[in-house]
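J.: Please find entry26.cif (mmCIF, C-alpha atoms and all ligand atoms) on the next line:
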data_data
#
loop_
_atom_site.label_atom_id
_atom_site.label_comp_id
_atom_site.auth_asym_id
_atom_site.auth_seq_id
_atom_site.Cartn_x
_atom_site.Cartn_y
_atom_site.Cartn_z
CA GLU R 1 0.00 0.00 0.00
CA HIS R 2 2.86 2.37 0.71
CA ASN R 3 4.29 1.38 -2.65
CA ASP R 4 1.04 2.32 -4.33
CA ALA R 5 1.25 5.80 -2.88
CA ILE R 6 4.60 6.54 -4.45
CA ASP R 7 3.75 4.90 -7.72
CA PHE R 8 4.32 6.81 -10.95
CA SER R 9 1.32 9.01 -11.60
CA ASN R 10 1.66 8.08 -15.25
CA ARG R 11 0.62 4.50 -14.62
CA GLY R 12 -2.27 3.70 -16.90
CA MET R 13 -1.60 6.65 -19.18
CA THR R 14 -1.18 5.92 -22.83
CA LEU R 15 1.95 7.12 -24.59
CA GLU R 16 -0.17 9.80 -26.27
CA ASP R 17 -1.41 11.02 -22.88
CA GLU R 18 2.19 11.22 -21.71
CA ILE R 19 3.28 13.16 -24.78
CA ASN R 20 0.28 15.49 -24.60
CA LYS R 21 1.12 16.23 -20.98
CA SER R 22 4.74 16.93 -21.92
CA ASN R 23 3.62 19.17 -24.78
CA THR R 24 1.49 21.20 -22.37
CA TYR R 25 4.58 21.69 -20.22
CA TYR R 26 6.65 22.72 -23.24
CA LEU R 27 3.90 25.12 -24.35
CA ASN R 28 3.34 26.71 -20.94
CA ASN R 29 7.07 27.24 -20.51
CA GLY R 30 7.62 28.76 -23.93
CA ILE R 31 9.89 25.90 -25.04
CA ALA R 32 7.97 24.54 -28.03
CA VAL R 33 4.54 24.61 -29.66
CA ILE R 34 3.61 21.04 -30.52
CA HIS R 35 0.04 19.75 -30.75
CA LYS R 36 -1.65 16.49 -31.53
CA LYS R 37 -3.82 16.81 -34.60
CA PRO R 38 -7.51 16.06 -34.19
CA THR R 39 -8.65 12.64 -35.38
CA PRO R 40 -10.02 12.95 -38.90
CA ILE R 41 -13.74 12.21 -39.02
CA GLN R 42 -15.97 11.74 -42.02
CA ILE R 43 -19.27 13.41 -41.20
CA VAL R 44 -22.35 11.92 -42.85
CA SER R 45 -25.25 13.58 -41.08
CA VAL R 46 -25.66 16.69 -38.89
CA ASP R 47 -28.71 18.18 -37.18
CA TYR R 48 -28.92 21.92 -36.59
CA PRO R 49 -31.39 22.32 -33.72
CA LYS R 50 -32.80 25.80 -33.28
CA ARG R 51 -31.55 26.72 -29.87
CA SER R 52 -28.58 24.43 -29.36
CA ALA R 53 -25.29 23.33 -30.88
CA ALA R 54 -25.09 21.42 -34.15
CA ARG R 55 -25.25 17.69 -33.45
CA ILE R 56 -23.43 15.13 -35.57
CA ASN R 57 -25.66 12.05 -35.90
CA GLU R 58 -23.58 9.87 -38.15
CA ALA R 59 -19.86 9.93 -38.70
CA TYR R 60 -16.93 7.56 -39.19
CA PHE R 61 -13.27 7.55 -38.29
CA ARG R 62 -10.94 8.15 -41.19
CA ARG R 63 -7.31 7.13 -41.41
CA SER R 64 -4.99 10.11 -41.17
CA SER R 65 -2.72 10.79 -44.13
CA THR R 66 -0.10 12.39 -41.89
CA THR R 67 1.50 11.77 -38.53
CA ASP R 68 -0.27 12.68 -35.29
CA TYR R 69 2.00 15.41 -33.96
CA ASN R 70 3.66 18.46 -35.43
CA GLY R 71 4.79 21.89 -34.39
CA VAL R 72 7.74 24.21 -33.97
CA TYR R 73 10.80 24.08 -31.74
CA LYS R 74 13.79 26.43 -32.01
CA GLY R 75 12.54 27.54 -35.41
CA ARG R 76 12.52 23.97 -36.70
CA TYR R 77 9.54 22.08 -38.00
CA ILE R 78 8.89 19.04 -35.78
CA ASP R 79 6.87 16.06 -37.01
CA PHE R 80 6.39 12.69 -35.37
CA ASP R 81 4.13 9.85 -34.45
CA ALA R 82 3.79 7.99 -31.16
CA LYS R 83 3.60 4.21 -31.16
CA GLU R 84 3.31 1.66 -28.40
CA THR R 85 4.21 -2.00 -28.76
CA LYS R 86 3.74 -4.98 -26.49
CA ASN R 87 6.62 -6.71 -28.26
CA ARG R 88 9.75 -7.05 -26.20
CA THR R 89 12.49 -7.58 -28.71
CA SER R 90 11.42 -5.61 -31.76
CA PHE R 91 9.09 -2.94 -33.08
CA PRO R 92 6.72 -4.29 -35.78
CA LEU R 93 6.59 -2.03 -38.84
CA LYS R 94 2.88 -2.77 -39.28
CA ASN R 95 2.33 -0.15 -36.56
CA PHE R 96 2.89 2.41 -39.30
CA HIS R 97 0.67 3.06 -42.29
CA LYS R 98 2.14 3.68 -45.70
CA HIS R 99 0.74 7.23 -45.74
CA GLN R 100 2.49 8.12 -42.51
CA VAL R 101 5.84 6.95 -43.81
CA GLU R 102 5.34 8.83 -47.09
CA HIS R 103 4.45 11.94 -45.10
CA MET R 104 7.69 11.65 -43.12
CA ARG R 105 9.64 11.24 -46.35
CA GLN R 106 8.07 14.42 -47.71
CA CYS R 107 8.77 16.38 -44.53
CA LEU R 108 12.40 15.24 -44.46
CA LYS R 109 12.76 16.55 -48.00
CA GLN R 110 11.71 19.97 -46.66
CA GLN R 111 14.32 19.69 -43.89
CA GLY R 112 11.76 18.97 -41.20
CA ILE R 113 12.81 17.11 -38.04
CA CYS R 114 10.96 13.79 -38.26
CA PHE R 115 10.97 10.85 -35.88
CA ALA R 116 8.92 8.26 -34.07
CA VAL R 117 8.42 8.05 -30.33
CA ILE R 118 8.32 4.33 -29.57
CA LYS R 119 7.28 2.86 -26.25
CA PHE R 120 7.93 -0.73 -25.23
CA VAL R 121 5.08 -1.10 -22.77
CA ASN R 122 6.55 -4.24 -21.28
CA ASP R 123 9.31 -2.37 -19.46
CA GLN R 124 7.97 1.18 -19.99
CA SER R 125 10.97 2.28 -21.99
CA VAL R 126 10.54 5.07 -24.50
CA PHE R 127 12.83 5.88 -27.43
CA VAL R 128 13.05 8.57 -30.07
CA LEU R 129 13.93 6.97 -33.39
CA LYS R 130 14.91 9.07 -36.40
CA ALA R 131 12.57 8.83 -39.36
CA THR R 132 15.53 8.00 -41.59
CA THR R 133 16.13 4.75 -39.70
CA LEU R 134 12.43 3.92 -39.78
CA ILE R 135 12.28 4.60 -43.53
CA ASP R 136 15.34 2.42 -44.16
CA TYR R 137 13.65 -0.55 -42.49
CA TRP R 138 10.33 0.27 -44.14
CA ASP R 139 11.82 0.29 -47.64
CA ASN R 140 13.80 -2.88 -47.04
CA GLN R 141 10.63 -4.86 -46.31
CA ASP R 142 9.88 -4.96 -50.02
CA SER R 143 13.24 -6.47 -50.90
CA GLY R 144 12.93 -9.33 -48.46
CA GLY R 145 13.98 -7.41 -45.38
CA ARG R 146 12.51 -8.00 -41.93
CA LYS R 147 9.07 -6.71 -40.92
CA SER R 148 10.26 -5.19 -37.66
CA ILE R 149 13.07 -3.10 -36.22
CA PRO R 150 15.11 -5.00 -33.61
CA ARG R 151 15.01 -3.36 -30.20
CA LYS R 152 18.79 -3.51 -30.18
CA VAL R 153 18.88 -1.24 -33.24
CA ILE R 154 16.44 1.17 -31.59
CA GLU R 155 18.61 1.25 -28.47
CA GLU R 156 21.79 1.82 -30.44
CA THR R 157 20.60 4.32 -33.06
CA GLY R 158 17.74 5.91 -31.12
CA PHE R 159 17.63 7.99 -27.95
CA LEU R 160 16.24 6.72 -24.66
CA VAL R 161 13.77 9.16 -23.08
CA PRO R 162 13.75 8.68 -19.30
CA TYR R 163 10.59 9.64 -17.41
CA ARG R 164 10.85 12.83 -15.38
CA ILE R 165 8.45 14.91 -13.31
CA ASN R 166 8.22 17.86 -15.68
CA PRO R 167 8.06 17.33 -18.54
CA LEU R 168 6.98 13.75 -18.00
CA LEU R 169 8.68 12.68 -21.25
CA PRO R 170 11.49 15.11 -22.11
CA TYR R 171 11.65 13.92 -25.70
CA LEU R 172 12.90 17.27 -27.02
CA ARG R 173 16.29 16.51 -25.47
CA ALA R 174 16.54 13.67 -27.95
CA VAL R 175 15.42 16.06 -30.66
CA ASP R 176 18.35 18.32 -29.71
CA SER R 177 20.64 15.41 -30.55
CA ILE R 178 18.95 15.02 -33.94
CA ILE R 179 19.21 18.74 -34.71
CA ASP R 180 22.89 19.01 -33.77
CA GLU M 1 -21.61 31.80 -73.19
CA HIS M 2 -18.13 31.96 -74.58
CA ASN M 3 -17.19 34.01 -71.55
CA ASP M 4 -18.51 31.29 -69.27
CA ALA M 5 -16.22 28.79 -70.92
CA ILE M 6 -13.10 30.71 -70.03
CA ASP M 7 -14.30 31.59 -66.58
CA PHE M 8 -12.05 30.85 -63.63
CA SER M 9 -12.55 27.27 -62.51
CA ASN M 10 -12.24 28.49 -58.95
CA ARG M 11 -15.59 30.25 -59.07
CA GLY M 12 -17.67 29.04 -56.16
CA MET M 13 -14.70 27.58 -54.32
CA THR M 14 -14.13 28.71 -50.78
CA LEU M 15 -10.78 30.19 -49.85
CA GLU M 16 -10.01 26.96 -47.99
CA ASP M 17 -10.74 24.92 -51.13
CA GLU M 18 -8.38 27.17 -53.06
CA ILE M 19 -5.63 26.81 -50.47
CA ASN M 20 -6.11 23.05 -50.22
CA LYS M 21 -5.79 22.80 -53.98
CA SER M 22 -2.63 24.90 -53.90
CA ASN M 23 -1.21 22.77 -51.08
CA THR M 24 -1.78 19.64 -53.14
CA TYR M 25 0.22 21.25 -55.93
CA TYR M 26 3.01 22.22 -53.54
CA LEU M 27 3.04 18.69 -52.08
CA ASN M 28 3.01 16.87 -55.42
CA ASN M 29 5.84 19.06 -56.68
CA GLY M 30 8.01 18.66 -53.61
CA ILE M 31 7.81 22.37 -52.76
CA ALA M 32 6.19 22.26 -49.32
CA VAL M 33 4.25 19.97 -47.01
CA ILE M 34 1.30 21.94 -45.65
CA HIS M 35 -1.99 20.40 -44.56
CA LYS M 36 -5.26 21.62 -43.13
CA LYS M 37 -5.85 20.15 -39.71
CA PRO M 38 -8.99 18.08 -39.24
CA THR M 39 -11.89 19.82 -37.52
CA PRO M 40 -11.84 18.95 -33.82
CA ILE M 41 -14.87 16.90 -32.84
CA GLN M 42 -16.05 15.93 -29.38
CA ILE M 43 -17.30 12.37 -29.61
CA VAL M 44 -20.08 11.42 -27.19
CA SER M 45 -21.29 8.06 -28.41
CA VAL M 46 -19.89 5.38 -30.73
CA ASP M 47 -21.30 2.04 -31.86
CA TYR M 48 -18.97 -0.83 -32.71
CA PRO M 49 -21.01 -3.10 -34.98
CA LYS M 50 -19.61 -6.61 -35.40
CA ARG M 51 -18.85 -6.71 -39.07
CA SER M 52 -18.55 -3.05 -40.03
CA ALA M 53 -16.76 0.17 -39.18
CA ALA M 54 -17.24 1.97 -35.87
CA ARG M 55 -20.10 4.44 -36.19
CA ILE M 56 -20.19 7.73 -34.30
CA ASN M 57 -23.79 8.39 -33.21
CA GLU M 58 -23.39 11.59 -31.29
CA ALA M 59 -20.68 14.20 -31.57
CA TYR M 60 -20.25 17.97 -31.53
CA PHE M 61 -17.96 20.46 -33.21
CA ARG M 62 -15.31 21.93 -30.97
CA ARG M 63 -13.51 25.21 -31.45
CA SER M 64 -9.90 24.69 -32.48
CA SER M 65 -7.24 26.05 -30.16
CA THR M 66 -4.81 26.53 -33.03
CA THR M 67 -4.86 27.78 -36.60
CA ASP M 68 -6.14 25.62 -39.45
CA TYR M 69 -2.97 25.13 -41.46
CA ASN M 70 0.59 24.24 -40.67
CA GLY M 71 3.53 22.50 -42.22
CA VAL M 72 7.08 22.86 -43.46
CA TYR M 73 8.60 24.88 -46.29
CA LYS M 74 12.34 25.33 -46.88
CA GLY M 75 13.01 23.97 -43.40
CA ARG M 76 10.79 26.61 -41.81
CA TYR M 77 7.69 25.99 -39.74
CA ILE M 78 4.67 27.51 -41.50
CA ASP M 79 1.47 28.33 -39.61
CA PHE M 80 -1.55 30.24 -40.80
CA ASP M 81 -5.27 30.62 -40.95
CA ALA M 82 -7.50 31.42 -43.91
CA LYS M 83 -10.28 33.97 -43.54
CA GLU M 84 -12.84 35.34 -45.93
CA THR M 85 -14.70 38.59 -45.43
CA LYS M 86 -17.58 40.20 -47.28
CA ASN M 87 -16.44 43.60 -46.01
CA ARG M 88 -14.99 45.85 -48.66
CA THR M 89 -12.93 48.36 -46.76
CA SER M 90 -11.63 46.48 -43.73
CA PHE M 91 -11.08 43.06 -42.19
CA PRO M 92 -13.05 42.61 -38.94
CA LEU M 93 -10.92 41.18 -36.14
CA LYS M 94 -13.86 39.15 -34.86
CA ASN M 95 -13.02 36.67 -37.63
CA PHE M 96 -10.27 35.48 -35.30
CA HIS M 97 -10.69 33.73 -31.98
CA LYS M 98 -8.51 34.63 -29.04
CA HIS M 99 -7.00 31.12 -29.02
CA GLN M 100 -5.87 31.42 -32.61
CA VAL M 101 -4.11 34.70 -31.96
CA GLU M 102 -2.44 33.31 -28.83
CA HIS M 103 -1.32 30.30 -30.84
CA MET M 104 0.28 32.58 -33.43
CA ARG M 105 2.01 34.53 -30.68
CA GLN M 106 3.44 31.28 -29.30
CA CYS M 107 4.61 30.09 -32.72
CA LEU M 108 6.29 33.43 -33.47
CA LYS M 109 8.21 33.06 -30.22
CA GLN M 110 9.58 29.77 -31.60
CA GLN M 111 10.57 31.54 -34.83
CA GLY M 112 7.75 30.05 -36.83
CA ILE M 113 6.50 31.81 -39.97
CA CYS M 114 2.96 32.91 -39.07
CA PHE M 115 0.42 34.80 -41.11
CA ALA M 116 -3.18 35.06 -42.21
CA VAL M 117 -4.48 34.53 -45.73
CA ILE M 118 -7.30 37.04 -46.10
CA LYS M 119 -9.75 37.08 -48.99
CA PHE M 120 -12.01 40.00 -49.79
CA VAL M 121 -14.75 38.05 -51.54
CA ASN M 122 -16.26 41.20 -53.02
CA ASP M 123 -13.46 41.62 -55.56
CA GLN M 124 -11.79 38.22 -55.07
CA SER M 125 -8.53 39.68 -53.86
CA VAL M 126 -6.34 37.63 -51.57
CA PHE M 127 -3.59 38.89 -49.28
CA VAL M 128 -1.00 37.36 -47.01
CA LEU M 129 -0.80 39.41 -43.83
CA LYS M 130 1.99 38.88 -41.29
CA ALA M 131 0.84 37.67 -37.89
CA THR M 132 2.79 40.51 -36.28
CA THR M 133 0.51 43.07 -37.96
CA LEU M 134 -2.58 41.11 -37.01
CA ILE M 135 -1.40 40.84 -33.40
CA ASP M 136 -0.69 44.59 -33.23
CA TYR M 137 -4.27 45.38 -34.22
CA TRP M 138 -5.63 42.62 -31.98
CA ASP M 139 -3.83 43.94 -28.92
CA ASN M 140 -4.83 47.54 -29.63
CA GLN M 141 -8.53 46.66 -29.49
CA ASP M 142 -8.32 46.54 -25.71
CA SER M 143 -6.89 50.02 -25.44
CA GLY M 144 -9.61 51.62 -27.50
CA GLY M 145 -8.21 50.72 -30.90
CA ARG M 146 -10.37 49.82 -33.88
CA LYS M 147 -12.02 46.42 -34.23
CA SER M 148 -10.86 45.88 -37.78
CA ILE M 149 -7.80 46.21 -39.98
CA PRO M 150 -8.28 48.76 -42.78
CA ARG M 151 -7.96 47.22 -46.22
CA LYS M 152 -5.46 49.98 -47.04
CA VAL M 153 -3.17 48.69 -44.29
CA ILE M 154 -3.51 45.13 -45.59
CA GLU M 155 -2.65 46.32 -49.10
CA GLU M 156 0.35 48.29 -47.90
CA THR M 157 1.84 45.93 -45.34
CA GLY M 158 0.59 42.63 -46.75
CA PHE M 159 1.29 40.80 -49.98
CA LEU M 160 -1.25 40.43 -52.78
CA VAL M 161 -1.58 36.83 -54.01
CA PRO M 162 -2.73 36.83 -57.63
CA TYR M 163 -4.64 33.77 -58.89
CA ARG M 164 -2.68 31.51 -61.21
CA ILE M 165 -3.32 28.18 -62.88
CA ASN M 166 -0.91 26.11 -60.78
CA PRO M 167 -0.79 26.63 -57.92
CA LEU M 168 -4.14 28.39 -57.92
CA LEU M 169 -3.02 30.62 -55.03
CA PRO M 170 0.78 30.92 -55.00
CA TYR M 171 0.84 32.19 -51.43
CA LEU M 172 4.30 30.78 -50.72
CA ARG M 173 5.76 33.56 -52.88
CA ALA M 174 4.50 35.98 -50.27
CA VAL M 175 5.98 33.73 -47.61
CA ASP M 176 9.35 34.08 -49.37
CA SER M 177 9.08 37.82 -48.78
CA ILE M 178 8.38 37.22 -45.09
CA ILE M 179 11.31 34.82 -44.74
CA ASP M 180 13.81 37.08 -46.50
MG MG R 201 -0.10 7.47 -33.31
MG MG R 202 -10.06 29.28 -40.91
#
Re-express the file's structure as structure tokens.
Ligand SMILES: [Mg+2]
Ligand SMILES: [Mg+2]

T.:
Amino acid sequence: EHNDAIDFSNRGMTLEDEINKSNTYYLNNGIAVIHKKPTPIQIVSVDYPKRSAARINEAYFRRSSTTDYNGVYKGRYIDFDAKETKNRTSFPLKNFHKHQVEHMRQCLKQQGICFAVIKFVNDQSVFVLKATTLIDYWDNQDSGGRKSIPRKVIEETGFLVPYRINPLLPYLRAVDSIID
Amino acid sequence: EHNDAIDFSNRGMTLEDEINKSNTYYLNNGIAVIHKKPTPIQIVSVDYPKRSAARINEAYFRRSSTTDYNGVYKGRYIDFDAKETKNRTSFPLKNFHKHQVEHMRQCLKQQGICFAVIKFVNDQSVFVLKATTLIDYWDNQDSGGRKSIPRKVIEETGFLVPYRINPLLPYLRAVDSIID
């Protein structure tokens, strides 16, 4: 019971919750402006009642053609997606959609800073992995390459993001390493 | 009738349609990666039928806390909103929400390139106006300043964006002037 009391307050949070919380810290402290994009929705039917707000009666989730997060940090364009995996030894590439990878490729071409934030939920370790590494593995799938990135590769080429109090996930430190 | 045939194909398009079309051109030609963010929706109730897609049964539109467009161009973070007005002689500041202006202020602090694309629908003229000018007028409202930006000021301090074939609205040329 004493252990429960000092438990991480982030227990039960999704990686996106953790990143959103960190982004709020970065925003409130004037460090970066990074937001999660709203989920794209296809609206089929809307009612406009006279004295109240428009009500959507039928709509469907659409797949995004970009990544979930973007914004600005030190004048640089930041673009990334957050992915959790229950795998222990590798990150399955099927966690990404083709459109997301193409979007990262396009942003890199414009000198954007692109990466993935990957969380191994098994041991709660979080890494920032450069989009270039992700794209290398992605492209190699077609020529008989493996369908996942070994955790070892993520540890060696990526940047571990240790949990802190504020921001909860200081992932922009890893971004500093990418920018330099 | 002959005149109709050579009419602008953009007749009847909203400013957002025109910008989206231009962004597609910029994307397909490797010039910039700029997307409109999805409309934020508050979802209240969803059905998960067995053999078909999740169906949203009740949802409401939320007001965005950011601008509508962002992306990357020449390594720079681009952030803007598109606004139409039927006014002829000025642009009413009430077209902006407080949150949008605060968002622009935050992005400017991170050295983002922030502006508004303003269309006077009366004569179909489109201008890029720097966020700094917009913010000056916005802040002056509280100290007895006017509630709109005179068109003359927009003409003199902003950049006219003439319609072209491709891209329909070459607004990034104006952005070049802001960057330089
Ligand atoms: Mg995601
Ligand atoms: Mg707008």

J.: Please indicate the distance in Å from atom CA of R:His97 to atom CA of R:Lys37, rounded to one decimal place.

T.: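 A separation of 16.4 Å between them.
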
J.: Distance limit 7 Å, atoms considered: all atoms listed in the file. Which chain M residues sit that close to chain R? Return them as a ChimeraX atom specification.

T.: /M:32-33,37-40,54-60,72-77,106-107,110-112

J.: Could you jot down the atom CA of M:Lys98 to atom CA of R:Ser52 separation for me, Å, one decimal place?

T.: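 The value is 22.5 Å.
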
J.: As a quick test: using all atoms listed in the file, which residues lie no more than 7 Å away from ligand MG 202 (chain R)? Give them as an MDAnalysis selection string.

T.: chainID M and resid 67:68 81:83

J.: Can you tell me how far atom CA of M:Ser90 sits from atom CA of M:Lys152, in Å to one decimal?

T.: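 Atom-to-atom, atom CA of M:Ser90 and atom CA of M:Lys152 are spaced 7.8 Å apart.
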
J.: If we draw a sphere of 7 Å around (16.8, 5.2, -26.6), which residues have at least one atom in it when counting all atoms listed in the file? Please report them as an MDAnalysis selection string.

T.: chainID R and resid 126:128 154:155 158:161

J.: Those residues with C-alpha atoms, as a compact mmCIF listing (two decimals), in the coordinates of the input please?

T.:
# COMPACT_ATOMS: atom_id res chain seq x y z
CA VAL R 126 10.54 5.07 -24.50
CA PHE R 127 12.83 5.88 -27.43
CA VAL R 128 13.05 8.57 -30.07
CA ILE R 154 16.44 1.17 -31.59
CA GLU R 155 18.61 1.25 -28.47
CA GLY R 158 17.74 5.91 -31.12
CA PHE R 159 17.63 7.99 -27.95
CA LEU R 160 16.24 6.72 -24.66
CA VAL R 161 13.77 9.16 -23.08

J.: Around the point (10.6, 3.0, -40.3) in the file's coordinates, collect all residues with an atom within 10 Å, using only C-alpha atoms, and return them as a PyMOL selection string.

T.: chain R and resi 91-96+100-101+104+115-116+129-141+147-149

J.: Please list as a PDB file with C-alpha atoms, in the frame of the given file every residue within 10 Å of R:Asp123, counting only C-alpha atoms and excluding residues in the same chain fewer than 3 positions away.

T.:
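This went into part12.pdb:
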ATOM      1  CA  LYS R  86       3.740  -4.980 -26.490  1.00  0.00           C
ATOM      2  CA  ARG R  88       9.750  -7.050 -26.200  1.00  0.00           C
ATOM      3  CA  LYS R 119       7.280   2.860 -26.250  1.00  0.00           C
ATOM      4  CA  PHE R 120       7.930  -0.730 -25.230  1.00  0.00           C
ATOM      5  CA  VAL R 126      10.540   5.070 -24.500  1.00  0.00           C
TER       6      VAL R 126
END

J.: When distances are computed from all atoms listed in the file, which of R:Asp47, R:Asp176, R:Glu16, R:Glu156 shows the smallest separation from ligand MG 201 (chain R)?

T.: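 Nearest candidate to ligand MG 201 (chain R) out of R:Asp47, R:Asp176, R:Glu16, R:Glu156: R:Glu16.
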
J.: Have stretch 147-168 of chain R completed to N, CA and C atoms, please, and pass it along as a PDB file, in the coordinates of the input.

T.:
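Output contents, as saved in rebuild-v8.pdb:
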ATOM      1  N   LYS R 147      10.306  -7.486 -41.076  1.00  0.00           N
ATOM      2  CA  LYS R 147       9.070  -6.710 -40.920  1.00  0.00           C
ATOM      3  C   LYS R 147       9.056  -5.943 -39.596  1.00  0.00           C
ATOM      4  N   SER R 148      10.200  -5.899 -38.939  1.00  0.00           N
ATOM      5  CA  SER R 148      10.260  -5.190 -37.660  1.00  0.00           C
ATOM      6  C   SER R 148      11.661  -4.625 -37.452  1.00  0.00           C
ATOM      7  N   ILE R 149      11.754  -3.652 -36.563  1.00  0.00           N
ATOM      8  CA  ILE R 149      13.070  -3.100 -36.220  1.00  0.00           C
ATOM      9  C   ILE R 149      13.490  -3.722 -34.896  1.00  0.00           C
ATOM     10  N   PRO R 150      14.660  -4.380 -34.868  1.00  0.00           N
ATOM     11  CA  PRO R 150      15.110  -5.000 -33.610  1.00  0.00           C
ATOM     12  C   PRO R 150      15.251  -3.932 -32.514  1.00  0.00           C
ATOM     13  N   ARG R 151      14.865  -4.287 -31.317  1.00  0.00           N
ATOM     14  CA  ARG R 151      15.010  -3.360 -30.200  1.00  0.00           C
ATOM     15  C   ARG R 151      16.460  -2.911 -30.038  1.00  0.00           C
ATOM     16  N   LYS R 152      17.367  -3.822 -30.284  1.00  0.00           N
ATOM     17  CA  LYS R 152      18.790  -3.510 -30.180  1.00  0.00           C
ATOM     18  C   LYS R 152      19.173  -2.329 -31.094  1.00  0.00           C
ATOM     19  N   VAL R 153      18.608  -2.338 -32.292  1.00  0.00           N
ATOM     20  CA  VAL R 153      18.880  -1.240 -33.240  1.00  0.00           C
ATOM     21  C   VAL R 153      18.289   0.067 -32.714  1.00  0.00           C
ATOM     22  N   ILE R 154      17.087  -0.033 -32.136  1.00  0.00           N
ATOM     23  CA  ILE R 154      16.440   1.170 -31.590  1.00  0.00           C
ATOM     24  C   ILE R 154      17.252   1.714 -30.422  1.00  0.00           C
ATOM     25  N   GLU R 155      17.783   0.811 -29.605  1.00  0.00           N
ATOM     26  CA  GLU R 155      18.610   1.250 -28.470  1.00  0.00           C
ATOM     27  C   GLU R 155      19.898   1.900 -28.933  1.00  0.00           C
ATOM     28  N   GLU R 156      20.467   1.347 -30.005  1.00  0.00           N
ATOM     29  CA  GLU R 156      21.790   1.820 -30.440  1.00  0.00           C
ATOM     30  C   GLU R 156      21.716   3.071 -31.315  1.00  0.00           C
ATOM     31  N   THR R 157      20.678   3.160 -32.160  1.00  0.00           N
ATOM     32  CA  THR R 157      20.600   4.320 -33.060  1.00  0.00           C
ATOM     33  C   THR R 157      19.615   5.367 -32.564  1.00  0.00           C
ATOM     34  N   GLY R 158      18.729   4.960 -31.642  1.00  0.00           N
ATOM     35  CA  GLY R 158      17.740   5.910 -31.120  1.00  0.00           C
ATOM     36  C   GLY R 158      18.209   6.553 -29.825  1.00  0.00           C
ATOM     37  N   PHE R 159      17.297   7.287 -29.189  1.00  0.00           N
ATOM     38  CA  PHE R 159      17.630   7.990 -27.950  1.00  0.00           C
ATOM     39  C   PHE R 159      16.627   7.606 -26.874  1.00  0.00           C
ATOM     40  N   LEU R 160      17.110   7.064 -25.784  1.00  0.00           N
ATOM     41  CA  LEU R 160      16.240   6.720 -24.660  1.00  0.00           C
ATOM     42  C   LEU R 160      15.691   8.006 -24.042  1.00  0.00           C
ATOM     43  N   VAL R 161      14.386   8.005 -23.752  1.00  0.00           N
ATOM     44  CA  VAL R 161      13.770   9.160 -23.080  1.00  0.00           C
ATOM     45  C   VAL R 161      13.339   8.724 -21.681  1.00  0.00           C
ATOM     46  N   PRO R 162      14.114   9.096 -20.666  1.00  0.00           N
ATOM     47  CA  PRO R 162      13.750   8.680 -19.300  1.00  0.00           C
ATOM     48  C   PRO R 162      12.591   9.519 -18.776  1.00  0.00           C
ATOM     49  N   TYR R 163      11.696   8.895 -18.016  1.00  0.00           N
ATOM     50  CA  TYR R 163      10.590   9.640 -17.410  1.00  0.00           C
ATOM     51  C   TYR R 163      11.132  10.619 -16.370  1.00  0.00           C
ATOM     52  N   ARG R 164      10.516  11.794 -16.359  1.00  0.00           N
ATOM     53  CA  ARG R 164      10.850  12.830 -15.380  1.00  0.00           C
ATOM     54  C   ARG R 164       9.552  13.367 -14.773  1.00  0.00           C
ATOM     55  N   ILE R 165       9.667  14.301 -13.860  1.00  0.00           N
ATOM     56  CA  ILE R 165       8.450  14.910 -13.310  1.00  0.00           C
ATOM     57  C   ILE R 165       7.865  15.891 -14.320  1.00  0.00           C
ATOM     58  N   ASN R 166       8.671  16.825 -14.765  1.00  0.00           N
ATOM     59  CA  ASN R 166       8.220  17.860 -15.680  1.00  0.00           C
ATOM     60  C   ASN R 166       9.318  18.256 -16.650  1.00  0.00           C
ATOM     61  N   PRO R 167       9.170  18.038 -17.910  1.00  0.00           N
ATOM     62  CA  PRO R 167       8.060  17.330 -18.540  1.00  0.00           C
ATOM     63  C   PRO R 167       8.164  15.825 -18.283  1.00  0.00           C
ATOM     64  N   LEU R 168       7.030  15.177 -18.273  1.00  0.00           N
ATOM     65  CA  LEU R 168       6.980  13.750 -18.000  1.00  0.00           C
ATOM     66  C   LEU R 168       7.894  12.965 -18.946  1.00  0.00           C
TER      67      LEU R 168
END
